[in-house]
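Participant: I'm passing along target.cif; it holds mmCIF, C-alpha atoms and all ligand atoms.
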data_work
#
loop_
_atom_site.label_atom_id
_atom_site.label_comp_id
_atom_site.auth_asym_id
_atom_site.auth_seq_id
_atom_site.Cartn_x
_atom_site.Cartn_y
_atom_site.Cartn_z
CA MET A 1 -82.33 -66.79 -129.31
CA SER A 2 -81.72 -63.76 -131.52
CA LEU A 3 -78.97 -63.83 -134.18
CA LEU A 4 -76.96 -61.35 -132.10
CA GLU A 5 -77.00 -63.63 -129.06
CA GLU A 6 -76.19 -66.66 -131.20
CA LEU A 7 -73.15 -64.99 -132.77
CA ILE A 8 -71.81 -63.74 -129.44
CA ARG A 9 -72.13 -67.22 -127.97
CA SER A 10 -70.31 -68.73 -130.93
CA ILE A 11 -67.47 -66.22 -130.57
CA ASP A 12 -67.11 -67.12 -126.87
CA GLU A 13 -67.08 -70.84 -127.66
CA ILE A 14 -64.47 -70.39 -130.37
CA LYS A 15 -62.30 -68.39 -127.97
CA LYS A 16 -62.55 -71.05 -125.27
CA ALA A 17 -61.82 -73.99 -127.58
CA ALA A 18 -58.96 -72.23 -129.38
CA SER A 19 -57.29 -71.08 -126.15
CA GLU A 20 -57.38 -74.61 -124.75
CA GLU A 21 -55.95 -76.17 -127.87
CA ILE A 22 -53.20 -73.56 -128.21
CA GLY A 23 -52.27 -74.12 -124.55
CA ASN A 24 -51.92 -77.89 -125.07
CA VAL A 25 -50.19 -77.96 -128.43
CA ALA A 26 -46.68 -79.43 -128.31
CA SER A 27 -45.14 -78.79 -131.71
CA ILE A 28 -44.77 -75.88 -134.09
CA SER A 29 -46.40 -77.83 -136.95
CA ASP A 30 -49.51 -78.56 -134.85
CA LEU A 31 -49.61 -74.91 -133.83
CA GLU A 32 -49.56 -73.93 -137.51
CA LYS A 33 -52.58 -76.17 -138.10
CA LEU A 34 -54.41 -74.39 -135.27
CA ARG A 35 -53.56 -71.02 -136.81
CA VAL A 36 -55.23 -72.10 -140.07
CA THR A 37 -58.24 -73.54 -138.21
CA TYR A 38 -58.91 -70.50 -136.06
CA LEU A 39 -57.50 -67.55 -138.01
CA GLY A 40 -57.37 -68.78 -141.63
CA ARG A 41 -59.61 -67.59 -144.44
CA LYS A 42 -62.16 -70.33 -143.79
CA ALA A 43 -61.97 -69.98 -140.02
CA GLU A 44 -65.25 -69.86 -138.11
CA LEU A 45 -64.54 -66.33 -136.91
CA ASN A 46 -64.44 -65.15 -140.52
CA LEU A 47 -67.69 -66.93 -141.27
CA ILE A 48 -69.25 -65.03 -138.38
CA LEU A 49 -67.99 -61.74 -139.74
CA ARG A 50 -69.63 -62.58 -143.05
CA GLN A 51 -73.01 -62.72 -141.33
CA LEU A 52 -72.70 -59.14 -140.04
CA LYS A 53 -74.73 -57.77 -142.88
CA GLU A 54 -77.79 -59.48 -141.45
CA LEU A 55 -77.57 -57.42 -138.24
CA SER A 56 -78.61 -53.85 -137.44
CA PRO A 57 -75.80 -51.23 -137.50
CA GLU A 58 -75.58 -51.20 -133.65
CA GLU A 59 -75.49 -54.98 -133.42
CA ARG A 60 -72.90 -55.15 -136.20
CA LYS A 61 -70.64 -52.91 -134.14
CA ILE A 62 -70.93 -55.13 -131.06
CA VAL A 63 -70.26 -58.40 -132.90
CA GLY A 64 -67.57 -56.94 -135.14
CA GLU A 65 -65.63 -55.50 -132.23
CA LYS A 66 -65.91 -58.70 -130.20
CA ALA A 67 -64.83 -60.95 -133.10
CA ASN A 68 -61.83 -58.72 -133.86
CA ALA A 69 -60.80 -58.61 -130.21
CA VAL A 70 -60.87 -62.43 -129.98
CA LYS A 71 -58.93 -62.67 -133.25
CA LYS A 72 -56.22 -60.40 -131.84
CA GLU A 73 -56.13 -62.32 -128.61
CA LEU A 74 -55.71 -65.66 -130.40
CA GLU A 75 -52.99 -64.22 -132.65
CA GLU A 76 -51.13 -63.08 -129.55
CA LYS A 77 -51.53 -66.48 -127.87
CA ILE A 78 -50.21 -68.25 -130.97
CA ARG A 79 -47.22 -65.87 -131.14
CA GLU A 80 -46.39 -66.54 -127.48
CA LYS A 81 -46.70 -70.29 -127.87
CA GLU A 82 -44.56 -70.17 -130.98
CA SER A 83 -41.78 -68.38 -129.17
CA GLN A 84 -42.04 -70.84 -126.25
CA LEU A 85 -41.82 -73.86 -128.54
CA SER A 86 -38.99 -72.49 -130.65
CA HIS A 87 -37.09 -71.53 -127.49
CA THR A 88 -37.17 -75.07 -126.12
CA LYS A 89 -36.21 -76.34 -129.51
CA GLU A 90 -33.30 -73.88 -129.69
CA LYS A 91 -32.12 -74.81 -126.22
CA LYS A 92 -32.08 -78.46 -127.11
CA GLU A 93 -30.04 -77.70 -130.19
CA ILE A 94 -27.34 -75.59 -128.52
CA VAL A 95 -26.24 -78.05 -125.82
CA ASP A 96 -22.46 -78.06 -126.17
CA PHE A 97 -21.01 -81.11 -124.49
CA SER A 98 -17.48 -79.82 -124.81
CA LEU A 99 -18.12 -76.92 -122.38
CA PRO A 100 -16.68 -77.34 -118.87
CA GLY A 101 -19.34 -78.45 -116.34
CA LYS A 102 -20.80 -76.22 -113.64
CA LYS A 103 -19.30 -76.74 -110.21
CA TYR A 104 -21.84 -77.47 -107.51
CA TYR A 105 -20.68 -76.94 -103.96
CA VAL A 106 -21.59 -79.55 -101.42
CA SER A 107 -22.08 -77.86 -98.07
CA SER A 108 -20.05 -79.07 -95.14
CA GLU A 109 -19.65 -78.22 -91.50
CA HIS A 110 -17.57 -75.19 -90.59
CA PRO A 111 -14.28 -76.36 -89.02
CA ILE A 112 -15.20 -74.63 -85.75
CA GLN A 113 -18.57 -76.41 -85.57
CA LYS A 114 -16.84 -79.66 -86.46
CA LEU A 115 -14.40 -79.24 -83.59
CA ILE A 116 -17.18 -78.26 -81.17
CA ASN A 117 -19.00 -81.48 -82.06
CA GLU A 118 -15.84 -83.54 -81.64
CA ILE A 119 -15.10 -82.03 -78.21
CA CYS A 120 -18.69 -82.48 -77.04
CA GLU A 121 -18.60 -86.12 -78.20
CA PHE A 122 -15.49 -86.65 -76.07
CA PHE A 123 -17.16 -85.28 -72.96
CA ILE A 124 -20.43 -87.11 -73.66
CA GLY A 125 -18.26 -90.24 -73.58
CA LEU A 126 -17.19 -89.26 -70.04
CA GLY A 127 -20.84 -88.91 -68.99
CA TYR A 128 -21.23 -85.14 -69.46
CA GLU A 129 -24.41 -83.54 -70.74
CA VAL A 130 -24.36 -80.80 -73.42
CA VAL A 131 -26.30 -77.65 -72.40
CA SER A 132 -26.58 -74.14 -73.81
CA GLY A 133 -27.37 -70.59 -72.74
CA PRO A 134 -28.19 -67.27 -74.42
CA GLU A 135 -25.60 -65.08 -76.14
CA ALA A 136 -27.48 -61.94 -75.06
CA GLU A 137 -27.00 -62.30 -71.33
CA ILE A 138 -27.64 -60.27 -68.21
CA ASP A 139 -24.81 -58.80 -66.23
CA TYR A 140 -25.83 -60.76 -63.12
CA TYR A 141 -25.14 -64.17 -64.77
CA ASN A 142 -22.10 -63.00 -66.72
CA PHE A 143 -20.41 -61.35 -63.71
CA THR A 144 -22.17 -60.90 -60.34
CA ALA A 145 -23.22 -64.52 -59.74
CA LEU A 146 -19.72 -65.61 -60.78
CA ASN A 147 -18.25 -63.80 -57.78
CA ILE A 148 -17.53 -60.68 -59.83
CA PRO A 149 -19.61 -58.07 -57.96
CA PRO A 150 -20.06 -54.48 -59.24
CA TYR A 151 -16.80 -52.58 -59.27
CA HIS A 152 -14.77 -55.79 -58.96
CA PRO A 153 -11.51 -55.09 -60.83
CA ALA A 154 -11.94 -58.38 -62.77
CA ARG A 155 -14.79 -56.78 -64.73
CA SER A 156 -12.18 -54.81 -66.63
CA MET A 157 -10.48 -58.09 -67.69
CA HIS A 158 -13.35 -58.52 -70.15
CA ASP A 159 -13.94 -55.70 -72.61
CA THR A 160 -17.69 -56.00 -72.58
CA LEU A 161 -20.20 -55.08 -75.29
CA TYR A 162 -23.28 -53.76 -73.45
CA LEU A 163 -26.80 -53.97 -74.88
CA SER A 164 -28.47 -51.80 -72.22
CA GLU A 165 -28.23 -48.07 -72.60
CA SER A 166 -27.35 -47.51 -68.95
CA THR A 167 -24.40 -49.44 -67.57
CA LEU A 168 -23.36 -50.04 -64.01
CA PHE A 169 -20.86 -47.22 -64.14
CA GLU A 170 -23.69 -44.66 -64.25
CA LEU A 171 -25.60 -46.11 -61.28
CA GLU A 172 -25.25 -45.21 -57.62
CA GLY A 173 -26.41 -47.08 -54.50
CA THR A 174 -25.41 -49.50 -51.79
CA GLU A 175 -23.53 -52.68 -52.70
CA ASP A 176 -26.75 -54.73 -52.43
CA GLU A 177 -28.67 -52.26 -54.62
CA LEU A 178 -25.97 -52.37 -57.24
CA ARG A 179 -25.90 -56.19 -57.18
CA GLU A 180 -29.67 -56.17 -57.79
CA ALA A 181 -29.26 -53.59 -60.54
CA THR A 182 -26.99 -56.00 -62.45
CA ARG A 183 -30.05 -58.21 -63.04
CA LYS A 184 -31.39 -55.50 -65.35
CA ILE A 185 -28.27 -54.80 -67.39
CA ALA A 186 -28.05 -56.66 -70.70
CA LEU A 187 -24.81 -57.46 -72.50
CA LEU A 188 -23.30 -59.86 -74.99
CA ARG A 189 -21.77 -62.63 -72.92
CA THR A 190 -18.01 -62.35 -72.67
CA HIS A 191 -17.59 -66.04 -71.84
CA THR A 192 -19.67 -69.23 -71.52
CA SER A 193 -19.34 -69.25 -67.71
CA PRO A 194 -22.85 -67.75 -67.18
CA VAL A 195 -24.18 -71.11 -68.43
CA GLN A 196 -22.67 -72.61 -65.24
CA ILE A 197 -24.98 -70.41 -63.16
CA ARG A 198 -28.07 -70.99 -65.31
CA THR A 199 -27.55 -74.76 -65.15
CA MET A 200 -26.84 -74.93 -61.41
CA LEU A 201 -29.97 -72.86 -60.71
CA ARG A 202 -32.14 -75.47 -62.43
CA LYS A 203 -30.32 -78.70 -61.52
CA LYS A 204 -29.14 -80.29 -58.31
CA PRO A 205 -25.69 -81.91 -57.98
CA PRO A 206 -24.12 -84.22 -59.08
CA LEU A 207 -23.71 -82.30 -62.28
CA PHE A 208 -21.42 -82.85 -65.28
CA ILE A 209 -22.01 -80.47 -68.19
CA VAL A 210 -20.31 -78.92 -71.20
CA ALA A 211 -21.73 -75.74 -72.76
CA PRO A 212 -20.46 -74.67 -76.20
CA GLY A 213 -21.30 -71.25 -77.60
CA ARG A 214 -20.34 -67.91 -79.09
CA CYS A 215 -18.78 -65.15 -76.95
CA TYR A 216 -18.13 -61.48 -77.64
CA ARG A 217 -15.43 -59.08 -76.46
CA ARG A 218 -14.22 -55.68 -77.58
CA ASP A 219 -10.85 -57.26 -78.39
CA VAL A 220 -8.86 -55.83 -81.28
CA PRO A 221 -8.54 -58.54 -83.95
CA ASP A 222 -5.07 -60.02 -84.42
CA ALA A 223 -3.64 -63.47 -85.19
CA THR A 224 -5.06 -64.96 -81.97
CA HIS A 225 -7.92 -62.60 -81.01
CA SER A 226 -11.33 -62.13 -82.56
CA PRO A 227 -14.18 -59.98 -81.19
CA VAL A 228 -16.47 -62.99 -81.74
CA PHE A 229 -15.16 -66.39 -80.79
CA HIS A 230 -16.34 -69.70 -79.36
CA GLN A 231 -15.79 -71.24 -75.98
CA ILE A 232 -16.76 -74.56 -74.47
CA GLU A 233 -17.49 -74.40 -70.78
CA GLY A 234 -17.12 -77.45 -68.59
CA LEU A 235 -18.52 -77.90 -65.09
CA ALA A 236 -18.43 -80.87 -62.75
CA VAL A 237 -19.99 -80.58 -59.28
CA ALA A 238 -20.40 -83.49 -56.89
CA GLU A 239 -19.20 -84.66 -53.51
CA GLY A 240 -15.44 -85.11 -53.23
CA ILE A 241 -14.30 -83.58 -56.55
CA SER A 242 -10.69 -82.45 -56.35
CA PHE A 243 -8.11 -80.54 -58.37
CA SER A 244 -6.54 -83.83 -59.47
CA ASP A 245 -9.86 -84.76 -61.14
CA LEU A 246 -9.65 -81.49 -63.07
CA LYS A 247 -6.04 -82.09 -64.06
CA GLY A 248 -6.67 -85.71 -65.09
CA THR A 249 -9.76 -84.77 -67.12
CA LEU A 250 -8.06 -81.93 -69.01
CA GLU A 251 -4.86 -83.86 -69.69
CA LEU A 252 -6.88 -86.79 -71.02
CA PHE A 253 -8.92 -84.43 -73.16
CA LEU A 254 -6.01 -82.44 -74.60
CA ARG A 255 -3.92 -85.55 -75.38
CA ASN A 256 -6.95 -87.14 -77.02
CA LEU A 257 -7.53 -83.99 -79.10
CA PHE A 258 -3.92 -83.46 -80.20
CA SER A 259 -1.66 -86.44 -79.68
CA GLN A 260 -0.55 -88.60 -76.82
CA ASN A 261 2.81 -86.76 -77.07
CA ALA A 262 1.38 -83.23 -76.78
CA ARG A 263 2.87 -81.36 -73.88
CA VAL A 264 0.36 -79.78 -71.53
CA ARG A 265 1.20 -77.35 -68.74
CA PHE A 266 -0.85 -75.82 -65.94
CA ARG A 267 0.09 -72.30 -64.86
CA ALA A 268 -1.26 -70.76 -61.67
CA SER A 269 -3.71 -68.05 -62.61
CA TYR A 270 -6.64 -66.05 -61.29
CA PHE A 271 -10.35 -66.18 -62.05
CA PRO A 272 -12.80 -64.76 -59.47
CA PHE A 273 -15.11 -67.76 -59.91
CA THR A 274 -12.49 -70.46 -59.27
CA GLU A 275 -10.03 -71.01 -56.44
CA PRO A 276 -7.38 -72.18 -57.04
CA SER A 277 -7.29 -71.23 -60.72
CA ALA A 278 -5.06 -72.28 -63.58
CA GLU A 279 -4.43 -71.49 -67.20
CA VAL A 280 -3.60 -74.43 -69.41
CA ASP A 281 -1.15 -74.23 -72.30
CA VAL A 282 -0.38 -76.77 -75.05
CA SER A 283 2.98 -76.90 -76.81
CA CYS A 284 2.74 -74.96 -80.09
CA ILE A 285 2.43 -77.42 -82.97
CA ILE A 286 2.97 -74.69 -85.56
CA CYS A 287 6.61 -74.19 -84.60
CA GLY A 288 7.12 -77.31 -82.49
CA GLY A 289 7.85 -75.12 -79.48
CA ASP A 290 10.66 -73.11 -81.11
CA GLY A 291 8.67 -69.87 -81.10
CA CYS A 292 6.59 -68.25 -83.85
CA ARG A 293 4.01 -65.50 -84.50
CA VAL A 294 1.15 -67.66 -83.20
CA CYS A 295 2.73 -68.54 -79.85
CA LYS A 296 4.34 -65.12 -79.63
CA ASP A 297 7.75 -66.81 -79.47
CA THR A 298 6.96 -68.64 -76.24
CA GLY A 299 6.55 -72.15 -77.70
CA TRP A 300 3.23 -72.48 -75.84
CA LEU A 301 -0.33 -71.53 -76.65
CA GLU A 302 -2.86 -70.77 -73.95
CA VAL A 303 -5.99 -72.78 -74.68
CA LEU A 304 -8.13 -72.64 -71.59
CA GLY A 305 -8.77 -71.34 -68.13
CA ALA A 306 -9.84 -73.63 -65.31
CA GLY A 307 -10.05 -74.10 -61.55
CA MET A 308 -12.05 -75.35 -58.59
CA VAL A 309 -15.47 -73.67 -58.39
CA HIS A 310 -15.33 -70.89 -55.81
CA PRO A 311 -17.52 -71.58 -52.72
CA ASN A 312 -19.19 -68.17 -53.22
CA VAL A 313 -20.44 -69.32 -56.62
CA LEU A 314 -21.85 -72.55 -55.18
CA GLU A 315 -23.59 -70.62 -52.37
CA GLU A 316 -25.00 -68.08 -54.87
CA VAL A 317 -26.94 -70.86 -56.62
CA GLY A 318 -28.02 -72.46 -53.35
CA TYR A 319 -25.54 -75.38 -53.29
CA ASP A 320 -24.01 -76.39 -49.94
CA SER A 321 -20.33 -75.55 -50.44
CA GLU A 322 -19.38 -77.65 -47.39
CA LYS A 323 -20.84 -80.74 -49.01
CA TYR A 324 -20.13 -80.20 -52.70
CA THR A 325 -17.01 -79.23 -54.60
CA GLY A 326 -16.51 -78.85 -58.30
CA PHE A 327 -14.20 -77.90 -61.11
CA ALA A 328 -14.84 -75.74 -64.13
CA PHE A 329 -13.00 -74.92 -67.32
CA GLY A 330 -13.51 -72.66 -70.32
CA MET A 331 -11.65 -73.29 -73.55
CA GLY A 332 -11.26 -71.16 -76.65
CA VAL A 333 -12.38 -73.30 -79.60
CA GLU A 334 -10.63 -71.20 -82.29
CA ARG A 335 -7.33 -71.45 -80.41
CA LEU A 336 -7.71 -75.23 -80.19
CA ALA A 337 -8.63 -75.38 -83.89
CA MET A 338 -5.55 -73.30 -84.81
CA LEU A 339 -3.35 -75.79 -83.03
CA LYS A 340 -5.14 -78.88 -84.28
CA TYR A 341 -5.22 -77.85 -87.94
CA GLY A 342 -2.03 -75.72 -87.99
CA ILE A 343 -3.79 -72.43 -88.77
CA PRO A 344 -1.56 -69.39 -88.22
CA ASP A 345 -4.31 -66.72 -88.06
CA ILE A 346 -7.68 -66.88 -86.25
CA ARG A 347 -9.23 -64.46 -88.77
CA LEU A 348 -9.21 -67.19 -91.44
CA PHE A 349 -12.11 -68.86 -89.61
CA PHE A 350 -14.32 -65.81 -90.08
CA GLU A 351 -13.53 -64.77 -93.65
CA ASN A 352 -15.77 -67.39 -95.32
CA ASN A 353 -13.16 -68.09 -97.96
CA LEU A 354 -14.29 -71.35 -99.59
CA LYS A 355 -10.73 -72.29 -100.58
CA PHE A 356 -9.88 -72.28 -96.86
CA LEU A 357 -13.10 -73.90 -95.60
CA GLU A 358 -13.08 -76.71 -98.19
CA GLN A 359 -9.95 -78.17 -96.64
CA PHE A 360 -11.77 -79.46 -93.59
C1 LIG B 401 -12.54 -67.10 -69.39
O1 LIG B 401 -13.28 -66.68 -70.27
C2 LIG B 401 -13.10 -67.94 -68.29
N1 LIG B 401 -14.51 -67.88 -68.28
C3 LIG B 401 -12.61 -69.37 -68.45
C4 LIG B 401 -12.86 -70.19 -67.23
C5 LIG B 401 -14.01 -70.96 -67.15
C6 LIG B 401 -11.95 -70.18 -66.19
C7 LIG B 401 -14.24 -71.72 -66.04
C8 LIG B 401 -12.19 -70.93 -65.06
C9 LIG B 401 -13.32 -71.71 -65.01
P1 LIG B 401 -10.37 -66.28 -70.51
O2 LIG B 401 -10.73 -64.87 -70.60
O3 LIG B 401 -8.94 -66.60 -70.26
O4 LIG B 401 -11.23 -67.01 -69.44
O5 LIG B 401 -10.80 -67.03 -71.85
C10 LIG B 401 -10.75 -68.44 -72.01
C11 LIG B 401 -10.20 -68.82 -73.39
O6 LIG B 401 -10.99 -68.19 -74.41
C12 LIG B 401 -8.80 -68.30 -73.63
O7 LIG B 401 -7.84 -69.20 -73.10
C13 LIG B 401 -8.74 -68.25 -75.13
O8 LIG B 401 -8.44 -69.54 -75.64
C14 LIG B 401 -10.15 -67.90 -75.51
N2 LIG B 401 -10.29 -66.46 -75.83
C15 LIG B 401 -10.43 -65.42 -75.00
N3 LIG B 401 -10.53 -64.25 -75.66
C16 LIG B 401 -10.48 -64.57 -76.98
C17 LIG B 401 -10.54 -63.82 -78.19
N4 LIG B 401 -10.73 -62.50 -78.21
N5 LIG B 401 -10.42 -64.47 -79.36
C18 LIG B 401 -10.28 -65.82 -79.38
N6 LIG B 401 -10.22 -66.60 -78.27
C19 LIG B 401 -10.32 -65.98 -77.09
#
Go through the file and emit its structure as structure tokens.

Facilitator:
Amino acid sequence: MSLLEELIRSIDEIKKAASEEIGNVASISDLEKLRVTYLGRKAELNLILRQLKELSPEERKIVGEKANAVKKELEEKIREKESQLSHTKEKKEIVDFSLPGKKYYVSSEHPIQKLINEICEFFIGLGYEVVSGPEAEIDYYNFTALNIPPYHPARSMHDTLYLSESTLFELEGTEDELREATRKIALLRTHTSPVQIRTMLRKKPPLFIVAPGRCYRRDVPDATHSPVFHQIEGLAVAEGISFSDLKGTLELFLRNLFSQNARVRFRASYFPFTEPSAEVDVSCIICGGDGCRVCKDTGWLEVLGAGMVHPNVLEEVGYDSEKYTGFAFGMGVERLAMLKYGIPDIRLFFENNLKFLEQF
């Protein structure tokens, strides 16, 4: 091996050994010892430089440049390590135990999710199954199959957010053609009732389900309306189900949710997919029934719609409406939560204010 090769190899070995030791060193005093070993006057690198005179001018240039480059590199590594070690040392020294601690937030369930779980648990206890459906729905399931054919006036009861560019209002054709066309129109579901249809299409009666989920309407936000809100749908279909089963189930549920003394009233109402239909109110617990902003001075708060499943709906999913009857209900979860927790404005549930959310 020529002297040139020998010196280059030595420089590489020094670089490797020094880098490893600098990387592993754990104290500033040990680092200082390494500096003396590798960069001090008697360091090996300097001894190599002293041998340059024995090389030709070209070879001297190669070895000289390489040795200086490694020297610089090691100096830089030592500087970096020094700052790392002094930083950790500094940090240790400035711990001030008198400073107030950092607050770590423990996540918890949103009050609406908590209530959804509680309600589902109640119905699971009665033998119901929890099912779900998509929020981006097709018009057919949201309206047509629920006995709300195209141009039915009830469509205007829901201010719908459409996802498709073309809506029914731009289409022309026979009634059957328009019904078919509703299978291609996408929208954000305005209620959880389409889950009734989806479930009945894949299951045979007897059927007892609850379907919680988010709904969307172009409603102007106020104390009791939000454009995004949650409903829980209920559906029971079997032989011999009557309106008194519906009434008994909902009264049991609402008294269990609020208190055995809560007043519950059924008002005759209209939904195209139920006949007869009812709206159910609970006495306002914010004002005790005296009248306030939340109950719009009526003393009552509407919490759900319900009724006996319309025979047309049963026939649409292939159920024999002569043999089977059923009841259905759809409740607004935020409205129930407002009553249960005494919240005067629905918007508080959507503002993500931790001071509000932490109370639940
Ligand atoms: C319906 O949505 C029917 N699908 C309910 C139903 C199901 C009836 C099954 C019969 C059988 P309605 O539009 O009334 O009905 O809404 C039901 C509940 O959702 C209301 O009582 C209310 O509590 C809640 N709700 C409706 N719109 C909003 C809104 N914009 N913000 C908050 N809650 C709302």

Participant: If I take CA of Asp297 (chain A) and CA of Glu279 (chain A), how far is one from the other in Å, to one decimal?

Facilitator: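 The value is 17.9 Å.
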
Participant: What does the distance between CA of Gly127 (chain A) and CA of Thr325 (chain A) come to in Å, to one decimal place?

Facilitator: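 Computing it gives 17.8 Å between the two atoms.
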
Participant: May I have the residues within 10 Å of His191 (chain A) as a PyMOL selection string, using only C-alpha atoms and disregarding those fewer than 3 positions away in the same chain?

Facilitator: chain A and resi 135+142-143+158+188+194-195+213-217+229-233+330-332

Participant: Hey, can you spit out that residue selection with C-alpha atoms as an mmCIF file, in the coordinates of the input?

Facilitator:
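selection_14.cif written:
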data_model
loop_
_atom_site.group_PDB
_atom_site.id
_atom_site.type_symbol
_atom_site.label_atom_id
_atom_site.label_comp_id
_atom_site.auth_asym_id
_atom_site.auth_seq_id
_atom_site.Cartn_x
_atom_site.Cartn_y
_atom_site.Cartn_z
ATOM 1 C CA GLU A 135 -25.600 -65.080 -76.140
ATOM 2 C CA ASN A 142 -22.100 -63.000 -66.720
ATOM 3 C CA PHE A 143 -20.410 -61.350 -63.710
ATOM 4 C CA HIS A 158 -13.350 -58.520 -70.150
ATOM 5 C CA LEU A 188 -23.300 -59.860 -74.990
ATOM 6 C CA PRO A 194 -22.850 -67.750 -67.180
ATOM 7 C CA VAL A 195 -24.180 -71.110 -68.430
ATOM 8 C CA GLY A 213 -21.300 -71.250 -77.600
ATOM 9 C CA ARG A 214 -20.340 -67.910 -79.090
ATOM 10 C CA CYS A 215 -18.780 -65.150 -76.950
ATOM 11 C CA TYR A 216 -18.130 -61.480 -77.640
ATOM 12 C CA ARG A 217 -15.430 -59.080 -76.460
ATOM 13 C CA PHE A 229 -15.160 -66.390 -80.790
ATOM 14 C CA HIS A 230 -16.340 -69.700 -79.360
ATOM 15 C CA GLN A 231 -15.790 -71.240 -75.980
ATOM 16 C CA ILE A 232 -16.760 -74.560 -74.470
ATOM 17 C CA GLU A 233 -17.490 -74.400 -70.780
ATOM 18 C CA GLY A 330 -13.510 -72.660 -70.320
ATOM 19 C CA MET A 331 -11.650 -73.290 -73.550
ATOM 20 C CA GLY A 332 -11.260 -71.160 -76.650
#

Participant: Nearest to ligand LIG 401 (chain B): which of A:Leu254, A:Val228, A:Val210, A:Ile124 is it, counting only C-alpha atoms and all ligand atoms?

Facilitator: A:Val228

Participant: Would you mind reading off the distance between CA of Gly240 (chain A) and CA of Lys204 (chain A), one decimal, in Å?

Facilitator: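 If I compute the distance from CA of Gly240 (chain A) to CA of Lys204 (chain A), I get 15.4 Å.
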
Participant: Within 8 Å of (-17.5, -80.9, -50.2) (coordinates as in the file), grab all the protein and nucleic acid residues, counting all atoms listed in the file, and write them out as a PyMOL selection string.

Facilitator: chain A and resi 238-241+320-325

Participant: Determine, using all atoms listed in the file, which residues of chain A have any atom at most 6 Å from an atom of ligand LIG 401 (chain B), and tabulate each with its shortest atom pair and distance in Å to one decimal place, rows ordered by chain and then rising number, as a tab-separated table.

Facilitator:
residue	atom	partner	partner_atom	distance
A:His191	CA	B:LIG401	O1	4.6
A:Ser193	CA	B:LIG401	N1	5.1
A:Asp219	CA	B:LIG401	N4	5.2
A:Thr224	CA	B:LIG401	C18	5.9
A:His225	CA	B:LIG401	N5	3.5
A:Ser226	CA	B:LIG401	N5	4.1
A:Pro227	CA	B:LIG401	N4	5.2
A:Phe229	CA	B:LIG401	C18	5.1
A:Gln231	CA	B:LIG401	O6	5.9
A:Phe271	CA	B:LIG401	C8	5.9
A:Thr274	CA	B:LIG401	C8	5.8
A:Glu302	CA	B:LIG401	O7	5.3
A:Val303	CA	B:LIG401	O8	4.2
A:Leu304	CA	B:LIG401	O7	3.8
A:Gly305	CA	B:LIG401	C6	3.9
A:Ala306	CA	B:LIG401	C8	3.6
A:Gly307	CA	B:LIG401	C8	5.2
A:Ala328	CA	B:LIG401	C9	4.4
A:Phe329	CA	B:LIG401	C7	3.7
A:Gly330	CA	B:LIG401	C5	3.6
A:Met331	CA	B:LIG401	C11	4.7
A:Gly332	CA	B:LIG401	O8	3.4
A:Arg335	CA	B:LIG401	O8	5.3

Participant: Using all atoms listed in the file, can you tell me which of A:Gly248, A:Gly326, A:Gly342, A:Gly23 comes closest to Ile286 (chain A)?

Facilitator: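 With all atoms listed in the file as the atom set, the closest residue is A:Gly342.
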
Participant: Find the residues near Leu163 (chain A): any atom within 9 Å, counting only C-alpha atoms, skip ones fewer than 4 places away on the same chain, and give them as a compact mmCIF listing (two decimals) with C-alpha atoms, in the coordinates of the input.

Facilitator:
# COMPACT_ATOMS: atom_id res chain seq x y z
CA ALA A 136 -27.48 -61.94 -75.06
CA THR A 167 -24.40 -49.44 -67.57
CA ILE A 185 -28.27 -54.80 -67.39
CA ALA A 186 -28.05 -56.66 -70.70
CA LEU A 187 -24.81 -57.46 -72.50
CA LEU A 188 -23.30 -59.86 -74.99

Participant: Using all atoms listed in the file, pick whichever of A:Ile11, A:Lys42, A:Ser2, A:Phe356 has the shortest atom-to-atom distance to Glu54 (chain A).

Facilitator: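 With all atoms listed in the file as the atom set, the closest residue is A:Ser2.
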
Participant: Could I get region 14-19 of chain A rebuilt with N, CA, C and O atoms, written as an mmCIF file, keeping the file's coordinate frame?

Facilitator:
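The result, stored in out35.cif:
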data_model
loop_
_atom_site.group_PDB
_atom_site.id
_atom_site.type_symbol
_atom_site.label_atom_id
_atom_site.label_comp_id
_atom_site.auth_asym_id
_atom_site.auth_seq_id
_atom_site.Cartn_x
_atom_site.Cartn_y
_atom_site.Cartn_z
ATOM 1 N N ILE A 14 -65.687 -70.276 -129.556
ATOM 2 C CA ILE A 14 -64.470 -70.390 -130.370
ATOM 3 C C ILE A 14 -63.253 -69.986 -129.530
ATOM 4 O O ILE A 14 -62.221 -70.654 -129.518
ATOM 5 N N LYS A 15 -63.416 -68.896 -128.793
ATOM 6 C CA LYS A 15 -62.300 -68.390 -127.970
ATOM 7 C C LYS A 15 -61.856 -69.454 -126.966
ATOM 8 O O LYS A 15 -60.669 -69.740 -126.812
ATOM 9 N N LYS A 16 -62.858 -70.069 -126.308
ATOM 10 C CA LYS A 16 -62.550 -71.050 -125.270
ATOM 11 C C LYS A 16 -61.828 -72.262 -125.884
ATOM 12 O O LYS A 16 -60.762 -72.680 -125.402
ATOM 13 N N ALA A 17 -62.392 -72.784 -126.964
ATOM 14 C CA ALA A 17 -61.820 -73.990 -127.580
ATOM 15 C C ALA A 17 -60.411 -73.702 -128.099
ATOM 16 O O ALA A 17 -59.479 -74.473 -127.870
ATOM 17 N N ALA A 18 -60.253 -72.554 -128.786
ATOM 18 C CA ALA A 18 -58.960 -72.230 -129.380
ATOM 19 C C ALA A 18 -57.901 -72.049 -128.295
ATOM 20 O O ALA A 18 -56.784 -72.571 -128.401
ATOM 21 N N SER A 19 -58.263 -71.326 -127.215
ATOM 22 C CA SER A 19 -57.290 -71.080 -126.150
ATOM 23 C C SER A 19 -56.805 -72.397 -125.565
ATOM 24 O O SER A 19 -55.613 -72.580 -125.306
#
